[in-house]
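Novice: One file is attached below, my_file_34.cif, containing mmCIF, C-alpha atoms.
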data_structure
#
loop_
_atom_site.label_atom_id
_atom_site.label_comp_id
_atom_site.auth_asym_id
_atom_site.auth_seq_id
_atom_site.Cartn_x
_atom_site.Cartn_y
_atom_site.Cartn_z
CA MET Q 1 -39.81 -26.43 16.22
CA GLU Q 2 -41.23 -23.00 16.86
CA VAL Q 3 -38.52 -22.15 19.40
CA ASN Q 4 -35.90 -23.09 16.84
CA THR Q 5 -37.43 -20.79 14.21
CA LYS Q 6 -37.66 -17.96 16.72
CA ARG Q 7 -34.02 -18.38 17.67
CA GLU Q 8 -33.05 -18.44 14.01
CA ARG Q 9 -35.01 -15.26 13.39
CA GLU Q 10 -33.36 -13.60 16.40
CA GLY Q 11 -29.92 -14.67 15.17
CA LYS Q 12 -30.68 -13.25 11.73
CA SER Q 13 -31.88 -9.90 13.08
CA GLY Q 14 -28.81 -9.77 15.38
CA GLY Q 15 -26.57 -10.37 12.35
CA LEU Q 16 -28.45 -7.67 10.45
CA ALA Q 17 -28.00 -5.17 13.29
CA LEU Q 18 -24.26 -6.00 13.47
CA LYS Q 19 -23.86 -5.62 9.69
CA LYS Q 20 -25.74 -2.32 9.83
CA SER Q 21 -23.54 -0.91 12.61
CA VAL Q 22 -20.39 -2.04 10.76
CA ALA Q 23 -21.70 -0.25 7.65
CA ILE Q 24 -22.39 2.94 9.64
CA LEU Q 25 -18.88 2.83 11.18
CA GLU Q 26 -17.51 2.39 7.67
CA LEU Q 27 -19.40 5.42 6.40
CA VAL Q 28 -18.00 7.57 9.23
CA LEU Q 29 -14.47 6.25 8.52
CA ARG Q 30 -14.91 6.95 4.80
CA ILE Q 31 -15.77 10.59 5.43
CA SER Q 32 -12.82 10.96 7.86
CA THR Q 33 -10.44 9.36 5.35
CA ALA Q 34 -11.67 11.67 2.59
CA THR Q 35 -11.04 14.65 4.88
CA ALA Q 36 -7.53 13.46 5.75
CA ALA Q 37 -6.67 12.82 2.08
CA LEU Q 38 -8.04 16.22 1.09
CA ALA Q 39 -6.03 17.89 3.86
CA ALA Q 40 -2.89 16.10 2.64
CA THR Q 41 -3.53 17.25 -0.95
CA LEU Q 42 -4.17 20.87 0.01
CA THR Q 43 -1.23 21.08 2.44
CA MET Q 44 1.21 19.68 -0.12
CA GLY Q 45 -0.32 21.51 -3.08
CA THR Q 46 -0.07 24.96 -1.50
CA THR Q 47 3.47 24.54 -0.17
CA GLU Q 48 6.08 26.93 -1.41
CA GLN Q 49 8.64 29.07 0.29
CA THR Q 50 10.67 31.93 -1.09
CA LEU Q 51 13.76 32.91 0.85
CA PRO Q 52 13.98 36.61 1.78
CA PHE Q 53 17.40 37.10 0.14
CA PHE Q 54 18.33 36.78 -3.52
CA THR Q 55 21.33 37.24 -5.76
CA GLN Q 56 21.44 39.24 -8.97
CA LEU Q 57 20.59 36.19 -11.07
CA LEU Q 58 18.29 34.01 -9.05
CA GLN Q 59 15.90 34.00 -6.16
CA PHE Q 60 15.83 30.99 -3.84
CA ARG Q 61 12.41 29.40 -3.97
CA ALA Q 62 11.18 25.93 -2.98
CA SER Q 63 7.90 24.48 -4.20
CA TYR Q 64 6.40 21.01 -4.14
CA GLU Q 65 6.74 20.95 -7.94
CA ASP Q 66 10.53 20.87 -7.67
CA LEU Q 67 10.46 17.24 -6.53
CA PRO Q 68 8.64 14.64 -8.68
CA ALA Q 69 7.72 12.55 -5.60
CA PHE Q 70 5.71 15.47 -4.20
CA THR Q 71 3.96 16.06 -7.53
CA PHE Q 72 3.00 12.36 -7.50
CA PHE Q 73 1.79 12.81 -3.91
CA VAL Q 74 -0.54 15.67 -4.90
CA ILE Q 75 -1.92 13.74 -7.91
CA ALA Q 76 -2.40 10.46 -5.99
CA THR Q 77 -4.00 12.03 -2.90
CA SER Q 78 -6.35 14.14 -5.03
CA ILE Q 79 -7.45 11.05 -7.01
CA SER Q 80 -7.94 9.19 -3.71
CA SER Q 81 -9.94 11.95 -2.05
CA GLY Q 82 -12.06 12.32 -5.20
CA TYR Q 83 -12.81 8.58 -5.18
CA LEU Q 84 -13.55 8.60 -1.44
CA ILE Q 85 -16.05 11.46 -1.79
CA LEU Q 86 -17.73 9.83 -4.81
CA SER Q 87 -17.98 6.48 -2.99
CA VAL Q 88 -20.00 7.91 -0.08
CA PRO Q 89 -23.37 7.16 -1.83
CA PHE Q 90 -22.35 3.49 -2.26
CA SER Q 91 -21.46 3.38 1.43
CA VAL Q 92 -24.93 4.78 2.21
CA VAL Q 93 -26.43 1.94 0.12
CA CYS Q 94 -24.45 -0.51 2.31
CA VAL Q 95 -26.03 1.07 5.42
CA VAL Q 96 -29.56 0.90 4.00
CA GLN Q 97 -29.23 -2.61 2.55
CA PRO Q 98 -26.55 -4.37 4.60
CA LEU Q 99 -27.31 -7.83 3.20
CA VAL Q 100 -26.73 -7.05 -0.51
CA PRO Q 101 -23.08 -8.03 -1.20
CA GLY Q 102 -22.70 -6.19 -4.57
CA PRO Q 103 -21.91 -2.60 -3.45
CA ARG Q 104 -19.81 -3.85 -0.54
CA LEU Q 105 -17.71 -6.01 -2.87
CA LEU Q 106 -17.26 -3.08 -5.27
CA LEU Q 107 -16.19 -0.85 -2.38
CA ILE Q 108 -13.68 -3.35 -0.96
CA PHE Q 109 -12.10 -3.73 -4.46
CA CYS Q 110 -11.75 0.00 -5.04
CA ASP Q 111 -10.71 0.67 -1.42
CA THR Q 112 -7.90 -1.88 -1.65
CA LEU Q 113 -6.59 -0.27 -4.83
CA THR Q 114 -6.83 3.15 -3.17
CA VAL Q 115 -4.87 1.88 -0.13
CA THR Q 116 -2.05 0.92 -2.51
CA LEU Q 117 -2.15 4.26 -4.32
CA LEU Q 118 -2.20 6.32 -1.12
CA THR Q 119 0.51 4.20 0.54
CA SER Q 120 2.85 4.54 -2.42
CA ALA Q 121 2.30 8.32 -2.48
CA ALA Q 122 2.88 8.71 1.26
CA ALA Q 123 5.91 6.37 1.35
CA SER Q 124 7.72 7.89 -1.63
CA SER Q 125 7.20 11.39 -0.25
CA ALA Q 126 8.33 10.25 3.20
CA ALA Q 127 11.61 8.99 1.67
CA ILE Q 128 12.21 12.43 0.12
CA VAL Q 129 11.16 14.29 3.30
CA TYR Q 130 13.68 12.18 5.26
CA LEU Q 131 16.35 13.08 2.71
CA ALA Q 132 15.41 16.78 2.88
CA HIS Q 133 15.78 16.69 6.67
CA ASN Q 134 18.91 14.58 7.04
CA GLY Q 135 20.57 14.52 3.63
CA ASN Q 136 22.88 11.64 2.78
CA SER Q 137 26.61 11.98 3.24
CA ASP Q 138 27.43 8.82 1.25
CA ALA Q 139 25.57 10.08 -1.82
CA ASN Q 140 26.72 13.66 -1.18
CA TRP Q 141 23.13 14.94 -1.02
CA LEU Q 142 22.90 17.90 1.36
CA PRO Q 143 19.82 18.53 3.56
CA LEU Q 144 17.49 21.35 2.52
CA CYS Q 145 15.71 21.98 5.78
CA GLN Q 146 18.27 24.34 7.26
CA GLN Q 147 17.41 26.86 4.55
CA PHE Q 148 13.82 25.92 3.81
CA GLY Q 149 12.48 25.28 7.33
CA ASP Q 150 8.83 26.25 6.70
CA PHE Q 151 8.76 24.24 3.48
CA CYS Q 152 10.02 21.15 5.31
CA GLN Q 153 7.49 21.50 8.12
CA ARG Q 154 4.60 21.72 5.69
CA ILE Q 155 5.64 18.78 3.49
CA GLY Q 156 6.21 16.76 6.67
CA GLY Q 157 2.68 17.63 7.81
CA ALA Q 158 1.24 16.63 4.44
CA VAL Q 159 2.99 13.25 4.58
CA VAL Q 160 1.68 12.64 8.12
CA ALA Q 161 -1.87 13.45 6.91
CA GLY Q 162 -1.30 10.99 4.06
CA PHE Q 163 -0.31 8.23 6.47
CA ILE Q 164 -3.35 8.98 8.69
CA ALA Q 165 -5.54 8.55 5.58
CA VAL Q 166 -3.77 5.23 4.85
CA ALA Q 167 -4.40 3.97 8.41
CA LEU Q 168 -8.10 4.93 8.33
CA LEU Q 169 -8.57 3.37 4.89
CA LEU Q 170 -6.84 0.20 6.07
CA ILE Q 171 -9.24 -0.10 9.04
CA MET Q 172 -12.11 0.45 6.57
CA VAL Q 173 -10.92 -2.37 4.27
CA LEU Q 174 -10.57 -4.76 7.24
CA LEU Q 175 -14.10 -3.81 8.42
CA SER Q 176 -15.45 -4.37 4.89
CA ALA Q 177 -13.87 -7.83 4.80
CA LEU Q 178 -15.50 -8.57 8.16
CA GLY Q 179 -18.83 -7.32 6.78
CA LEU Q 180 -18.58 -9.65 3.78
CA THR Q 181 -18.56 -12.81 5.90
CA LYS Q 182 -21.76 -14.75 6.40
CA HIS Q 183 -21.84 -14.45 10.22
CA MET Z 1 -40.03 -30.52 -4.58
CA GLU Z 2 -37.40 -33.09 -5.41
CA VAL Z 3 -36.26 -31.11 -8.47
CA ASN Z 4 -35.89 -28.01 -6.35
CA THR Z 5 -33.71 -29.81 -3.78
CA LYS Z 6 -31.63 -31.29 -6.56
CA ARG Z 7 -31.14 -27.86 -8.12
CA GLU Z 8 -30.20 -26.45 -4.73
CA ARG Z 9 -27.70 -29.24 -4.20
CA GLU Z 10 -26.25 -28.65 -7.66
CA GLY Z 11 -25.98 -24.92 -6.96
CA LYS Z 12 -24.23 -25.62 -3.67
CA SER Z 13 -21.73 -28.03 -5.21
CA GLY Z 14 -21.15 -25.53 -8.05
CA GLY Z 15 -20.42 -22.81 -5.45
CA LEU Z 16 -18.12 -25.21 -3.62
CA ALA Z 17 -16.19 -26.01 -6.80
CA LEU Z 18 -15.84 -22.28 -7.58
CA LYS Z 19 -14.63 -21.51 -4.04
CA LYS Z 20 -12.17 -24.42 -4.26
CA SER Z 21 -10.72 -23.23 -7.57
CA VAL Z 22 -10.42 -19.67 -6.23
CA ALA Z 23 -8.56 -21.08 -3.20
CA ILE Z 24 -6.19 -23.09 -5.45
CA LEU Z 25 -5.49 -20.00 -7.59
CA GLU Z 26 -4.80 -18.08 -4.38
CA LEU Z 27 -2.33 -20.72 -3.20
CA VAL Z 28 -0.43 -20.54 -6.50
CA LEU Z 29 -0.42 -16.73 -6.33
CA ARG Z 30 0.81 -16.85 -2.72
CA ILE Z 31 3.81 -18.99 -3.66
CA SER Z 32 4.60 -16.72 -6.64
CA THR Z 33 4.35 -13.61 -4.44
CA ALA Z 34 6.65 -15.17 -1.84
CA THR Z 35 9.18 -15.93 -4.60
CA ALA Z 36 9.01 -12.37 -5.96
CA ALA Z 37 9.39 -10.85 -2.46
CA LEU Z 38 12.31 -13.16 -1.71
CA ALA Z 39 13.96 -12.25 -5.02
CA ALA Z 40 13.53 -8.56 -4.18
CA THR Z 41 15.09 -9.05 -0.74
CA LEU Z 42 18.07 -11.02 -2.05
CA THR Z 43 18.72 -8.69 -5.00
CA MET Z 44 18.68 -5.61 -2.79
CA GLY Z 45 20.49 -7.26 0.13
CA THR Z 46 23.46 -8.42 -1.93
CA THR Z 47 23.92 -5.18 -3.85
CA GLU Z 48 27.22 -3.42 -3.49
CA GLN Z 49 29.68 -2.00 -5.94
CA THR Z 50 33.26 -0.91 -5.39
CA LEU Z 51 34.74 1.35 -8.01
CA PRO Z 52 38.07 0.19 -9.48
CA PHE Z 53 39.91 3.43 -8.62
CA PHE Z 54 40.65 4.91 -5.21
CA THR Z 55 42.48 7.83 -3.67
CA GLN Z 56 45.00 7.66 -0.85
CA LEU Z 57 42.31 8.20 1.76
CA LEU Z 58 39.14 6.54 0.57
CA GLN Z 59 37.82 3.93 -1.79
CA PHE Z 60 34.53 4.57 -3.59
CA ARG Z 61 31.99 1.99 -2.59
CA ALA Z 62 28.19 1.88 -2.80
CA SER Z 63 26.05 -0.49 -0.77
CA TYR Z 64 22.34 -0.68 -0.05
CA GLU Z 65 23.13 0.17 3.57
CA ASP Z 66 24.21 3.68 2.59
CA LEU Z 67 20.59 4.69 1.99
CA PRO Z 68 18.02 4.21 4.78
CA ALA Z 69 15.19 3.64 2.27
CA PHE Z 70 16.99 0.57 0.89
CA THR Z 71 17.63 -0.80 4.38
CA PHE Z 72 13.89 -0.43 5.05
CA PHE Z 73 13.22 -2.19 1.72
CA VAL Z 74 15.34 -5.20 2.75
CA ILE Z 75 13.69 -5.40 6.20
CA ALA Z 76 10.12 -4.98 4.88
CA THR Z 77 10.48 -7.43 1.98
CA SER Z 78 12.11 -10.04 4.21
CA ILE Z 79 9.26 -9.74 6.77
CA SER Z 80 6.74 -10.00 3.91
CA SER Z 81 8.36 -13.03 2.30
CA GLY Z 82 8.65 -14.70 5.72
CA TYR Z 83 4.94 -14.13 6.36
CA LEU Z 84 3.99 -15.32 2.86
CA ILE Z 85 5.92 -18.56 3.28
CA LEU Z 86 4.48 -19.17 6.77
CA SER Z 87 0.93 -18.50 5.53
CA VAL Z 88 1.05 -21.25 2.87
CA PRO Z 89 -0.36 -23.90 5.32
CA PHE Z 90 -3.37 -21.62 6.05
CA SER Z 91 -3.89 -21.26 2.32
CA VAL Z 92 -3.85 -25.08 2.02
CA VAL Z 93 -6.56 -25.23 4.73
CA CYS Z 94 -8.63 -22.84 2.56
CA VAL Z 95 -8.26 -25.26 -0.38
CA VAL Z 96 -9.23 -28.31 1.70
CA GLN Z 97 -12.13 -26.61 3.53
CA PRO Z 98 -13.32 -23.78 1.26
CA LEU Z 99 -16.51 -23.10 3.24
CA VAL Z 100 -14.88 -22.33 6.63
CA PRO Z 101 -14.51 -18.50 6.74
CA GLY Z 102 -12.03 -18.33 9.68
CA PRO Z 103 -8.67 -18.97 7.94
CA ARG Z 104 -9.75 -16.97 4.90
CA LEU Z 105 -10.63 -13.96 7.04
CA LEU Z 106 -7.31 -14.24 8.91
CA LEU Z 107 -5.45 -14.38 5.57
CA ILE Z 108 -7.26 -11.38 4.06
CA PHE Z 109 -6.46 -9.33 7.20
CA CYS Z 110 -2.75 -10.20 7.19
CA ASP Z 111 -2.50 -9.95 3.38
CA THR Z 112 -3.94 -6.43 3.40
CA LEU Z 113 -1.41 -5.34 6.03
CA THR Z 114 1.38 -6.97 3.98
CA VAL Z 115 0.22 -5.12 0.84
CA THR Z 116 0.68 -1.86 2.73
CA LEU Z 117 4.11 -2.85 4.06
CA LEU Z 118 5.39 -4.03 0.66
CA THR Z 119 3.95 -1.01 -1.17
CA SER Z 120 5.58 1.45 1.22
CA ALA Z 121 8.93 -0.35 0.85
CA ALA Z 122 8.75 -0.45 -2.96
CA ALA Z 123 7.51 3.14 -3.30
CA SER Z 124 10.07 4.71 -0.96
CA SER Z 125 12.90 2.83 -2.69
CA ALA Z 126 11.51 3.81 -6.10
CA ALA Z 127 11.68 7.47 -5.08
CA ILE Z 128 15.36 7.08 -4.16
CA VAL Z 129 16.14 5.03 -7.31
CA TYR Z 130 14.60 7.81 -9.40
CA LEU Z 131 16.77 10.33 -7.57
CA ALA Z 132 19.89 8.17 -8.07
CA HIS Z 133 19.18 8.01 -11.81
CA ASN Z 134 18.13 11.60 -12.49
CA GLY Z 135 19.26 13.63 -9.50
CA ASN Z 136 17.48 16.88 -8.73
CA SER Z 137 18.87 20.16 -9.96
CA ASP Z 138 16.58 22.27 -7.74
CA ALA Z 139 17.76 20.54 -4.57
CA ASN Z 140 21.34 20.28 -5.90
CA TRP Z 141 21.36 16.50 -5.54
CA LEU Z 142 23.58 14.93 -8.21
CA PRO Z 143 22.76 11.56 -9.84
CA LEU Z 144 24.85 8.58 -8.75
CA CYS Z 145 24.23 6.25 -11.65
CA GLN Z 146 26.94 7.61 -13.92
CA GLN Z 147 29.56 6.34 -11.46
CA PHE Z 148 27.69 3.41 -9.92
CA GLY Z 149 26.00 1.91 -12.99
CA ASP Z 150 25.86 -1.72 -11.81
CA PHE Z 151 24.61 -0.65 -8.38
CA CYS Z 152 21.77 1.33 -9.97
CA GLN Z 153 20.75 -1.52 -12.27
CA ARG Z 154 20.52 -3.95 -9.36
CA ILE Z 155 18.55 -1.68 -7.03
CA GLY Z 156 16.23 -0.89 -9.96
CA GLY Z 157 15.70 -4.62 -10.50
CA ALA Z 158 14.97 -5.15 -6.79
CA VAL Z 159 12.35 -2.38 -6.81
CA VAL Z 160 10.70 -3.87 -9.92
CA ALA Z 161 10.56 -7.28 -8.17
CA GLY Z 162 9.02 -5.52 -5.17
CA PHE Z 163 6.29 -3.98 -7.34
CA ILE Z 164 5.60 -7.36 -9.00
CA ALA Z 165 5.11 -8.82 -5.50
CA VAL Z 166 2.72 -5.93 -4.67
CA ALA Z 167 0.67 -6.56 -7.84
CA LEU Z 168 0.40 -10.33 -7.18
CA LEU Z 169 -0.52 -9.75 -3.54
CA LEU Z 170 -3.16 -7.21 -4.58
CA ILE Z 171 -4.77 -9.74 -6.96
CA MET Z 172 -4.69 -12.25 -4.08
CA VAL Z 173 -6.50 -9.87 -1.70
CA LEU Z 174 -9.17 -9.15 -4.32
CA LEU Z 175 -9.63 -12.90 -4.92
CA SER Z 176 -9.89 -13.48 -1.15
CA ALA Z 177 -12.60 -10.82 -0.90
CA LEU Z 178 -14.45 -12.55 -3.75
CA GLY Z 179 -14.06 -15.88 -1.93
CA LEU Z 180 -15.58 -14.42 1.25
CA THR Z 181 -18.92 -13.61 -0.40
CA LYS Z 182 -21.82 -16.00 -0.04
CA HIS Z 183 -22.27 -16.71 -3.76
#
Could you write out this file's structure as structure tokens?
Specialist:
Amino acid sequence: MEVNTKREREGKSGGLALKKSVAILELVLRISTATAALAATLTMGTTEQTLPFFTQLLQFRASYEDLPAFTFFVIATSISSGYLILSVPFSVVCVVQPLVPGPRLLLIFCDTLTVTLLTSAAASSAAIVYLAHNGNSDANWLPLCQQFGDFCQRIGGAVVAGFIAVALLLIMVLLSALGLTKH
Amino acid sequence: MEVNTKREREGKSGGLALKKSVAILELVLRISTATAALAATLTMGTTEQTLPFFTQLLQFRASYEDLPAFTFFVIATSISSGYLILSVPFSVVCVVQPLVPGPRLLLIFCDTLTVTLLTSAAASSAAIVYLAHNGNSDANWLPLCQQFGDFCQRIGGAVVAGFIAVALLLIMVLLSALGLTKH
């Protein structure tokens, strides 16, 4: 009888230690994801290139604001990074009290919604970046990247940072789901 | 003592009934999501429009294969609808045995990955549909929808079906997370 209780207690404390380490890993991932999302926002938001030559009437200038998909990218990644930074205290609560399901459930809800937001931002911008690089002969859309090389490199970098944030956030959601189970 | 045990038993059977109804709701949502994803695949995959006039050298024809984002949409939505149909038996297991966490955990993992896949497909196609409707004067990309009106309507419909599938799948993931908690 006593042995059984001891084993139970050991199992419980083992489960607690596992839940605690999952919560710590999640906290680290959350901070990394926030950094990646912030990097994506700043890279995209500060991108503009002005070509060194101009005609009498107009100067050739490319900015992220010229394409609605990139404006959406900046808005969505800034909302996501804001949420990720604000959710760090809740993640700390999960580390301190790994057995309380409330904050963890709240985090997995909001994280899942943020995954969707970030993915849609990264994917829509990736479609436009692809078009800017390769153009489309069927639709008669010419590529921009021959003229605006620096611009294209930077928006490409921002989209990659966005996808890195998506991957990290996805791992975090899967870990949270694992942390919600009983065992 | 007896009252306490009875109350406990009642609480347990109440929790069981709740978990069972959540699992049934999830099954219904899964079938609806599969239908929406399949509708999106078929709508996009059968879209092509040939204009009634042609020159000596070429005939004007638009198909989803002309734009890589739409090809990705067809591939991603068909993978998603295939997975959703194949996962129905697992969902039935969750209804029959609502207290076993294994199948539910497997489903929440795969569902979360599918949310990401479907969202990226819908968002990248939405970016191109927007461009086809409005064009972009800064990038000198002209809209297509004045010539290819039917084509644009159908791809727009497919993207809307894709987003409906994303929304249903998102609700399903959130319900699954709720179903994983102890209480």
Novice: Give as a PyMOL selection string the residues that the PyMOL selection byres ((chain Z and resi 138) around 9) matches when applied to the coordinates above.
Specialist: (chain Q and resi 62+66-67) or (chain Z and resi 136-137+139-141)
Novice: Could you jot down the CA of Leu29 in chain Q to CA of Val160 in chain Q separation for me, Å, one decimal place?
Specialist: 17.4 Å
Novice: Write out as an mmCIF file with C-alpha atoms, in the coordinates of the input the residues lying within 9 Å of Leu84 in chain Z, counting all atoms listed in the file and excluding same-chain residues fewer than 4 positions away.
Specialist:
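New file around_22.cif:
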data_model
loop_
_atom_site.group_PDB
_atom_site.id
_atom_site.type_symbol
_atom_site.label_atom_id
_atom_site.label_comp_id
_atom_site.auth_asym_id
_atom_site.auth_seq_id
_atom_site.Cartn_x
_atom_site.Cartn_y
_atom_site.Cartn_z
ATOM 1 C CA ARG Z 30 0.810 -16.850 -2.720
ATOM 2 C CA ILE Z 31 3.810 -18.990 -3.660
ATOM 3 C CA THR Z 33 4.350 -13.610 -4.440
ATOM 4 C CA ALA Z 34 6.650 -15.170 -1.840
ATOM 5 C CA ALA Z 37 9.390 -10.850 -2.460
ATOM 6 C CA ILE Z 79 9.260 -9.740 6.770
ATOM 7 C CA SER Z 80 6.740 -10.000 3.910
ATOM 8 C CA VAL Z 88 1.050 -21.250 2.870
ATOM 9 C CA ASP Z 111 -2.500 -9.950 3.380
ATOM 10 C CA THR Z 114 1.380 -6.970 3.980
#
Novice: List as a tab-separated table every residue of range 108-160 of chain Q that is in contact with range 164-180 of chain Z, defined as an atom at most 10 Å from one of its atoms (using only C-alpha atoms), together with the nearest atom pair and the distance in Å rounded to one decimal, sorted by chain and then rising number.
Specialist:
residue	atom	partner	partner_atom	distance
Q:Ile108	CA	Z:Ala177	CA	7.5
Q:Phe109	CA	Z:Leu174	CA	6.2
Q:Cys110	CA	Z:Leu174	CA	9.5
Q:Thr112	CA	Z:Leu170	CA	7.7
Q:Leu113	CA	Z:Leu170	CA	7.7
Q:Thr116	CA	Z:Leu170	CA	8.5
Novice: Restrict the calculation to only C-alpha atoms, then for each residue of chain Q with any atom at most 6 Å from an atom of chain Z give the closest atom pair and their distance in Å to one decimal, rows by chain and rising residue number, as a tab-separated table.
Specialist:
residue	atom	partner	partner_atom	distance
Q:Thr119	CA	Z:Ser120	CA	5.8
Q:Ser120	CA	Z:Ala123	CA	4.9
Q:Ala123	CA	Z:Ser120	CA	4.9
Q:Ser124	CA	Z:Ser124	CA	4.0
Q:Ala127	CA	Z:Ser124	CA	5.3
Q:Trp141	CA	Z:Trp141	CA	5.1
Q:Leu180	CA	Z:Thr181	CA	5.8
Q:Thr181	CA	Z:Leu180	CA	5.8
Novice: Would you work out the distance separating CA of Gly156 in chain Z from CA of Gly162 in chain Q, expressed in Å to one decimal?
Specialist: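 CA of Gly162 in chain Q lies at a distance of 25.4 Å from CA of Gly156 in chain Z.
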Novice: Grab the CA of Gln97 in chain Z to CA of Leu27 in chain Z distance for me, in Å with one decimal place.
Specialist: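 So the two atoms, CA of Gln97 in chain Z and CA of Leu27 in chain Z, lie 13.3 Å apart.
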Novice: Draw an axis-aligned box over all listed atoms of range 111-128 of chain Z, pad each side with 4 Å, and write its centre and edge lengths in Å, one decimal, as JSON.
Specialist:
{"center_x": 5.7, "center_y": -1.2, "center_z": 0.0, "size_x": 27.3, "size_y": 25.4, "size_z": 20.1}
Novice: Quick check on the file I pasted: which residues fall under the PyMOL selection byres ((chain Z and resi 96) around 12)? Write them as a VMD selection string.
Specialist: chain Z and resid 16 to 17 19 to 24 27 89 to 95 97 to 100 103 to 104
Novice: I need the output of the PyMOL selection byres ((chain Z and resi 78) around 9) for this file as a list of chain:residue names; which residues are they?
Specialist: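 The output of the PyMOL selection byres ((chain Z and resi 78) around 9) on this file is Z:Ala37, Z:Leu38, Z:Ala40, Z:Thr41, Z:Leu42, Z:Phe73, Z:Val74, Z:Ile75, Z:Ala76, Z:Thr77, Z:Ile79, Z:Ser80, Z:Ser81, Z:Gly82, Z:Tyr83.
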Novice: Export, as an mmCIF file, in the frame of the given file, the selected residues with C-alpha atoms.
Specialist:
data_model
loop_
_atom_site.group_PDB
_atom_site.id
_atom_site.type_symbol
_atom_site.label_atom_id
_atom_site.label_comp_id
_atom_site.auth_asym_id
_atom_site.auth_seq_id
_atom_site.Cartn_x
_atom_site.Cartn_y
_atom_site.Cartn_z
ATOM 1 C CA ALA Z 37 9.390 -10.850 -2.460
ATOM 2 C CA LEU Z 38 12.310 -13.160 -1.710
ATOM 3 C CA ALA Z 40 13.530 -8.560 -4.180
ATOM 4 C CA THR Z 41 15.090 -9.050 -0.740
ATOM 5 C CA LEU Z 42 18.070 -11.020 -2.050
ATOM 6 C CA PHE Z 73 13.220 -2.190 1.720
ATOM 7 C CA VAL Z 74 15.340 -5.200 2.750
ATOM 8 C CA ILE Z 75 13.690 -5.400 6.200
ATOM 9 C CA ALA Z 76 10.120 -4.980 4.880
ATOM 10 C CA THR Z 77 10.480 -7.430 1.980
ATOM 11 C CA ILE Z 79 9.260 -9.740 6.770
ATOM 12 C CA SER Z 80 6.740 -10.000 3.910
ATOM 13 C CA SER Z 81 8.360 -13.030 2.300
ATOM 14 C CA GLY Z 82 8.650 -14.700 5.720
ATOM 15 C CA TYR Z 83 4.940 -14.130 6.360
#
